[in-house]
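Have a look at structure16.txt; it's compact mmCIF, C-alpha atoms and all ligand atoms:
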# COMPACT_ATOMS: atom_id res chain seq x y z
CA MET A 1249 83.73 96.26 118.91
CA GLY A 1250 85.49 98.43 121.52
CA ASN A 1251 89.12 98.04 122.53
CA ASP A 1252 88.24 96.21 125.78
CA ARG A 1253 86.13 93.68 123.94
CA VAL A 1254 88.86 93.09 121.34
CA LYS A 1255 91.40 92.70 124.13
CA GLU A 1256 89.19 90.10 125.87
CA GLU A 1257 88.68 88.16 122.63
CA ALA A 1258 92.39 88.32 121.83
CA LEU A 1259 93.18 86.94 125.30
CA GLN A 1260 90.70 84.11 124.69
CA ILE A 1261 92.43 83.32 121.38
CA LEU A 1262 95.87 83.40 123.03
CA ALA A 1263 94.61 80.99 125.71
CA LEU A 1264 93.86 78.39 123.01
CA PHE A 1265 97.55 77.87 122.27
CA GLU A 1266 100.06 75.96 124.36
CA VAL A 1267 103.10 77.35 122.55
CA LEU A 1268 103.10 81.10 122.01
CA PRO A 1269 105.56 83.41 120.25
CA ARG A 1270 107.90 85.32 122.53
CA LEU A 1271 107.78 88.37 120.28
CA ILE A 1272 105.17 89.61 117.82
CA VAL A 1273 106.46 92.04 115.20
CA PHE A 1274 104.19 94.45 113.36
CA ASP A 1275 104.59 96.48 110.21
CA LEU A 1276 103.02 99.94 110.55
CA ASP A 1277 101.58 101.32 107.27
CA TYR A 1278 98.53 99.30 106.21
CA THR A 1279 99.07 96.83 109.06
CA ILE A 1280 98.52 98.93 112.20
CA TRP A 1281 97.06 102.03 110.53
CA PRO A 1282 95.33 102.40 107.14
CA LEU A 1283 97.66 104.96 105.57
CA TYR A 1284 101.23 105.76 104.54
CA CYS A 1285 102.54 107.99 107.30
CA GLU A 1286 104.93 109.72 104.84
CA CYS A 1287 101.86 111.46 103.35
CA HIS A 1288 100.89 113.02 106.69
CA SER A 1289 102.08 115.50 109.30
CA SER A 1290 103.74 114.27 112.49
CA LYS A 1291 101.24 116.38 114.45
CA GLU A 1292 98.30 114.17 113.46
CA ILE A 1293 96.82 111.35 115.44
CA PRO A 1294 96.24 108.70 112.79
CA PRO A 1295 93.33 106.27 112.83
CA LEU A 1296 94.17 102.66 113.71
CA TYR A 1297 92.67 99.53 112.26
CA PRO A 1298 89.76 98.65 114.57
CA HIS A 1299 91.39 95.67 116.32
CA ALA A 1300 94.97 96.94 116.50
CA ARG A 1301 94.88 98.60 119.92
CA GLY A 1302 92.93 95.82 121.62
CA ILE A 1303 95.37 93.21 120.30
CA LEU A 1304 98.38 95.19 121.56
CA TYR A 1305 96.73 95.54 124.98
CA ALA A 1306 96.12 91.79 125.09
CA LEU A 1307 99.76 91.01 124.24
CA ASN A 1308 100.85 93.40 126.95
CA ALA A 1309 98.53 91.77 129.48
CA LYS A 1310 99.75 88.31 128.49
CA GLY A 1311 103.42 89.33 128.78
CA ILE A 1312 104.19 88.81 125.08
CA ASP A 1313 106.56 91.45 123.75
CA ALA A 1314 105.73 93.45 120.63
CA ALA A 1315 108.06 95.16 118.16
CA VAL A 1316 107.87 97.28 115.01
CA ALA A 1317 109.53 96.55 111.65
CA SER A 1318 108.73 99.31 109.17
CA ARG A 1319 110.38 100.44 105.93
CA SER A 1320 108.78 103.86 106.17
CA PRO A 1321 110.97 106.56 104.58
CA THR A 1322 109.79 108.93 107.33
CA PRO A 1323 110.71 107.31 110.66
CA LYS A 1324 110.21 110.61 112.49
CA ILE A 1325 106.56 110.72 111.46
CA ALA A 1326 106.07 107.02 112.24
CA LYS A 1327 107.55 107.45 115.72
CA ALA A 1328 105.54 110.64 116.30
CA PHE A 1329 102.39 108.72 115.36
CA LEU A 1330 103.17 105.97 117.88
CA ASN A 1331 103.71 108.66 120.50
CA ASN A 1332 100.55 110.56 119.57
CA LEU A 1333 98.58 107.32 119.85
CA GLY A 1334 100.08 106.52 123.25
CA LEU A 1335 101.50 103.27 121.85
CA HIS A 1336 105.21 104.12 121.90
CA SER A 1337 105.89 102.22 125.15
CA MET A 1338 104.11 99.08 123.91
CA PHE A 1339 107.06 98.07 121.71
CA VAL A 1340 110.36 96.67 123.00
CA ALA A 1341 112.05 97.39 119.66
CA GLN A 1342 111.20 99.81 116.88
CA GLU A 1343 113.15 99.34 113.67
CA ILE A 1344 111.91 101.99 111.25
CA PHE A 1345 114.11 102.77 108.25
CA SER A 1346 113.82 102.48 104.48
CA SER A 1347 115.79 99.62 103.06
CA SER A 1348 116.12 97.77 99.79
CA SER A 1349 116.15 94.47 101.66
CA HIS A 1350 112.68 93.18 102.43
CA LYS A 1351 113.00 93.67 106.19
CA THR A 1352 115.69 91.05 106.71
CA GLU A 1353 117.97 93.75 108.14
CA HIS A 1354 115.11 94.95 110.38
CA PHE A 1355 114.75 91.45 111.80
CA ARG A 1356 118.50 91.01 112.37
CA ARG A 1357 118.47 94.20 114.39
CA ILE A 1358 115.37 93.17 116.33
CA GLN A 1359 116.99 89.83 117.15
CA ASN A 1360 120.17 91.58 118.31
CA GLN A 1361 118.20 93.89 120.57
CA THR A 1362 115.82 91.36 122.06
CA GLY A 1363 117.78 88.11 121.96
CA VAL A 1364 114.62 86.34 120.75
CA PRO A 1365 115.33 83.66 118.11
CA PHE A 1366 113.59 84.08 114.73
CA LYS A 1367 111.71 80.83 115.32
CA SER A 1368 110.07 82.36 118.40
CA MET A 1369 108.76 85.40 116.49
CA LEU A 1370 105.47 86.03 114.72
CA PHE A 1371 105.23 88.80 112.09
CA PHE A 1372 102.33 90.67 110.47
CA ASP A 1373 102.76 92.69 107.27
CA ASP A 1374 100.68 93.76 104.26
CA GLU A 1375 103.44 93.24 101.66
CA ASP A 1376 103.90 89.80 100.27
CA ARG A 1377 107.60 90.23 99.43
CA ASN A 1378 108.36 91.07 103.09
CA ILE A 1379 106.42 88.00 104.19
CA GLN A 1380 108.38 85.81 101.79
CA GLU A 1381 111.84 87.07 102.75
CA VAL A 1382 111.26 87.16 106.50
CA SER A 1383 109.70 83.66 106.40
CA LYS A 1384 112.97 82.37 104.97
CA MET A 1385 114.71 83.52 108.17
CA GLY A 1386 112.47 81.20 110.18
CA VAL A 1387 109.93 83.79 111.38
CA THR A 1388 106.26 82.72 111.15
CA SER A 1389 104.93 85.50 108.90
CA VAL A 1390 101.33 86.38 108.13
CA TYR A 1391 100.09 88.48 105.25
CA VAL A 1392 97.33 90.89 106.25
CA ARG A 1393 94.97 92.40 103.72
CA ASN A 1394 92.93 94.82 105.84
CA GLY A 1395 95.17 95.37 108.80
CA VAL A 1396 95.88 93.26 111.83
CA ASN A 1397 92.73 91.78 113.35
CA LEU A 1398 91.52 88.95 115.57
CA GLU A 1399 91.12 86.64 112.60
CA ASN A 1400 94.69 86.97 111.37
CA LEU A 1401 95.96 86.86 114.96
CA LYS A 1402 94.36 83.45 115.29
CA LEU A 1403 95.72 82.37 111.90
CA GLY A 1404 99.22 83.51 112.87
CA LEU A 1405 99.13 81.67 116.18
CA THR A 1406 97.84 78.54 114.43
CA ASN A 1407 100.66 78.67 111.88
CA PHE A 1408 103.16 79.34 114.66
CA SER A 1409 101.98 76.35 116.69
CA ARG A 1410 102.37 74.08 113.63
CA ASN A 1411 106.04 74.94 113.36
CA PRO A 1412 106.99 75.40 117.01
CA PRO A 1413 110.47 76.40 118.14
CA THR A 1414 112.65 73.66 119.58
CA SER A 1415 113.03 73.50 123.33
CA VAL A 1416 116.41 75.26 123.04
CA ASP A 1417 114.80 78.15 121.14
CA ARG A 1418 112.10 78.44 123.74
CA ARG A 1419 114.48 78.81 126.65
CA ARG A 1420 114.73 82.43 127.71
MG MG A 1501 102.93 98.07 105.22

Mind turning this structure into structure tokens?
Ligand SMILES: [Mg+2]
Amino acid sequence: MGNDRVKEEALQILALFEVLPRLIVFDLDYTIWPLYCECHSSKEIPPLYPHARGILYALNAKGIDAAVASRSPTPKIAKAFLNNLGLHSMFVAQEIFSSSSHKTEHFRRIQNQTGVPFKSMLFFDDEDRNIQEVSKMGVTSVYVRNGVNLENLKLGLTNFSRNPPTSVDRRR
């Protein structure tokens, strides 16, 4: 399925939900791309999971912000990859630093930067411990096994709509 087709299908999925997240946060390694960027050169253009780009385009078209929360020990390579892929400008916040906390510090920083409440965020990651810790903050968090795709986008939006933010949280 090409990027345009994925984008169209993602937009159709988004249209199914009355309440949508204000911000969708993505891990990078094994969520957006199928590799650890620390094992590569910053000059490379890494492969993406097949649905990743189309989903980001759909969020952009729908006016839903996206952000990055990565514990990569090589933020320079991660940022170079986003640049090389032409995706750098798709993210309103990019928190990329190694940390012994399971991304709770990443999410505090993202909230400070964006002003979006945790309850209005949706998060995708391939590490269960990150999912568990970030969930406790109130973020709807989805474990992905083979990268972000249309199926887990729909699952995430379903879970989000079951635990919607209060009207105060939803106010911008
Ligand atoms: Mg990962």

Using 7 Å as the limit and counting only C-alpha atoms and all ligand atoms, can you tabulate each residue of chain A that touches ligand MG 1501 (chain A), with its shortest atom-to-atom distance in Å and the two atoms involved, as JSON lines?
{"residue": "A:Asp1275", "atom": "CA", "partner": "A:MG1501", "partner_atom": "MG", "distance": 5.5}
{"residue": "A:Leu1276", "atom": "CA", "partner": "A:MG1501", "partner_atom": "MG", "distance": 5.6}
{"residue": "A:Asp1277", "atom": "CA", "partner": "A:MG1501", "partner_atom": "MG", "distance": 4.1}
{"residue": "A:Tyr1278", "atom": "CA", "partner": "A:MG1501", "partner_atom": "MG", "distance": 4.7}
{"residue": "A:Thr1279", "atom": "CA", "partner": "A:MG1501", "partner_atom": "MG", "distance": 5.6}
{"residue": "A:Asp1373", "atom": "CA", "partner": "A:MG1501", "partner_atom": "MG", "distance": 5.8}
{"residue": "A:Asp1374", "atom": "CA", "partner": "A:MG1501", "partner_atom": "MG", "distance": 5.0}
{"residue": "A:Glu1375", "atom": "CA", "partner": "A:MG1501", "partner_atom": "MG", "distance": 6.0}

What does the file look like for those residues with C-alpha atoms, as a PDB file, keeping the file's coordinate frame?
ATOM      1  CA  ASP A1275     104.590  96.480 110.210  1.00  0.00           C
ATOM      2  CA  LEU A1276     103.020  99.940 110.550  1.00  0.00           C
ATOM      3  CA  ASP A1277     101.580 101.320 107.270  1.00  0.00           C
ATOM      4  CA  TYR A1278      98.530  99.300 106.210  1.00  0.00           C
ATOM      5  CA  THR A1279      99.070  96.830 109.060  1.00  0.00           C
ATOM      6  CA  ASP A1373     102.760  92.690 107.270  1.00  0.00           C
ATOM      7  CA  ASP A1374     100.680  93.760 104.260  1.00  0.00           C
ATOM      8  CA  GLU A1375     103.440  93.240 101.660  1.00  0.00           C
TER       9      GLU A1375
END

May I have the residues within 12 Å of A:Tyr1305 as a compact mmCIF listing (two decimals) with C-alpha atoms, in the coordinates of the input, using only C-alpha atoms and disregarding those fewer than 2 positions away in the same chain?
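The new file out31.txt reads:
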# COMPACT_ATOMS: atom_id res chain seq x y z
CA ASN A 1251 89.12 98.04 122.53
CA ASP A 1252 88.24 96.21 125.78
CA ARG A 1253 86.13 93.68 123.94
CA VAL A 1254 88.86 93.09 121.34
CA LYS A 1255 91.40 92.70 124.13
CA GLU A 1256 89.19 90.10 125.87
CA GLU A 1257 88.68 88.16 122.63
CA ALA A 1258 92.39 88.32 121.83
CA LEU A 1259 93.18 86.94 125.30
CA HIS A 1299 91.39 95.67 116.32
CA ALA A 1300 94.97 96.94 116.50
CA ARG A 1301 94.88 98.60 119.92
CA GLY A 1302 92.93 95.82 121.62
CA ILE A 1303 95.37 93.21 120.30
CA LEU A 1307 99.76 91.01 124.24
CA ASN A 1308 100.85 93.40 126.95
CA ALA A 1309 98.53 91.77 129.48
CA LYS A 1310 99.75 88.31 128.49
CA GLY A 1311 103.42 89.33 128.78
CA ILE A 1312 104.19 88.81 125.08
CA ASP A 1313 106.56 91.45 123.75
CA ALA A 1314 105.73 93.45 120.63
CA GLY A 1334 100.08 106.52 123.25
CA LEU A 1335 101.50 103.27 121.85
CA SER A 1337 105.89 102.22 125.15
CA MET A 1338 104.11 99.08 123.91
CA PHE A 1339 107.06 98.07 121.71

Review point. Between atom CA of A:Ile1261 and atom CA of A:Met1249, what is the distance, to one decimal in Å?
Key: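 It comes out at 15.8 Å.
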
Hey, could you make a per-residue contact list for stretch 1300-1340 of chain A against stretch 1351-1357 of chain A with 12 Å as the cut-off, showing the nearest pair of atoms and its distance in Å to one decimal, counting only C-alpha atoms, sorted by chain and number, as CSV?
residue,atom,partner,partner_atom,distance
A:Ala1315,CA,A:Phe1355,CA,9.9
A:Val1316,CA,A:His1354,CA,8.9
A:Ala1317,CA,A:His1354,CA,5.9
A:Ser1318,CA,A:Lys1351,CA,7.7
A:Arg1319,CA,A:Lys1351,CA,7.3
A:Ser1320,CA,A:Lys1351,CA,11.0

Practice item. Name the closest residue to A:Ile1293 among the candidates A:Gln1380, A:Asn1331, A:Thr1322, A:Asn1394; distances are taken between atoms, counting all atoms listed in the file. Key: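 Smallest distance to A:Ile1293 is found for A:Asn1331.
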
Revision key, fill the gap. With distances taken over only C-alpha atoms, the candidate from A:Pro1323, A:Pro1298, A:Pro1282, A:Pro1269 nearest A:Leu1398 is A:Pro1298

**Study point:** Between atom CA of A:Gln1361 and atom CA of A:Ala1341, distance in Å (one decimal)
**Key:**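 Rounded to one decimal, the two atoms are 7.1 Å apart.
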
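Close contacts of A:Leu1333, defined as residues with an atom at most 12 Å away when counting all atoms listed in the file, with chain neighbours fewer than 4 positions off set aside, comprise Ile1280, Trp1281, Ser1290, Lys1291, Glu1292, Ile1293, Pro1294, Pro1295, Leu1296, Ala1300, Arg1301, Ala1326, Lys1327, Ala1328, Phe1329, Ser1337 and Met1338 of chain A.
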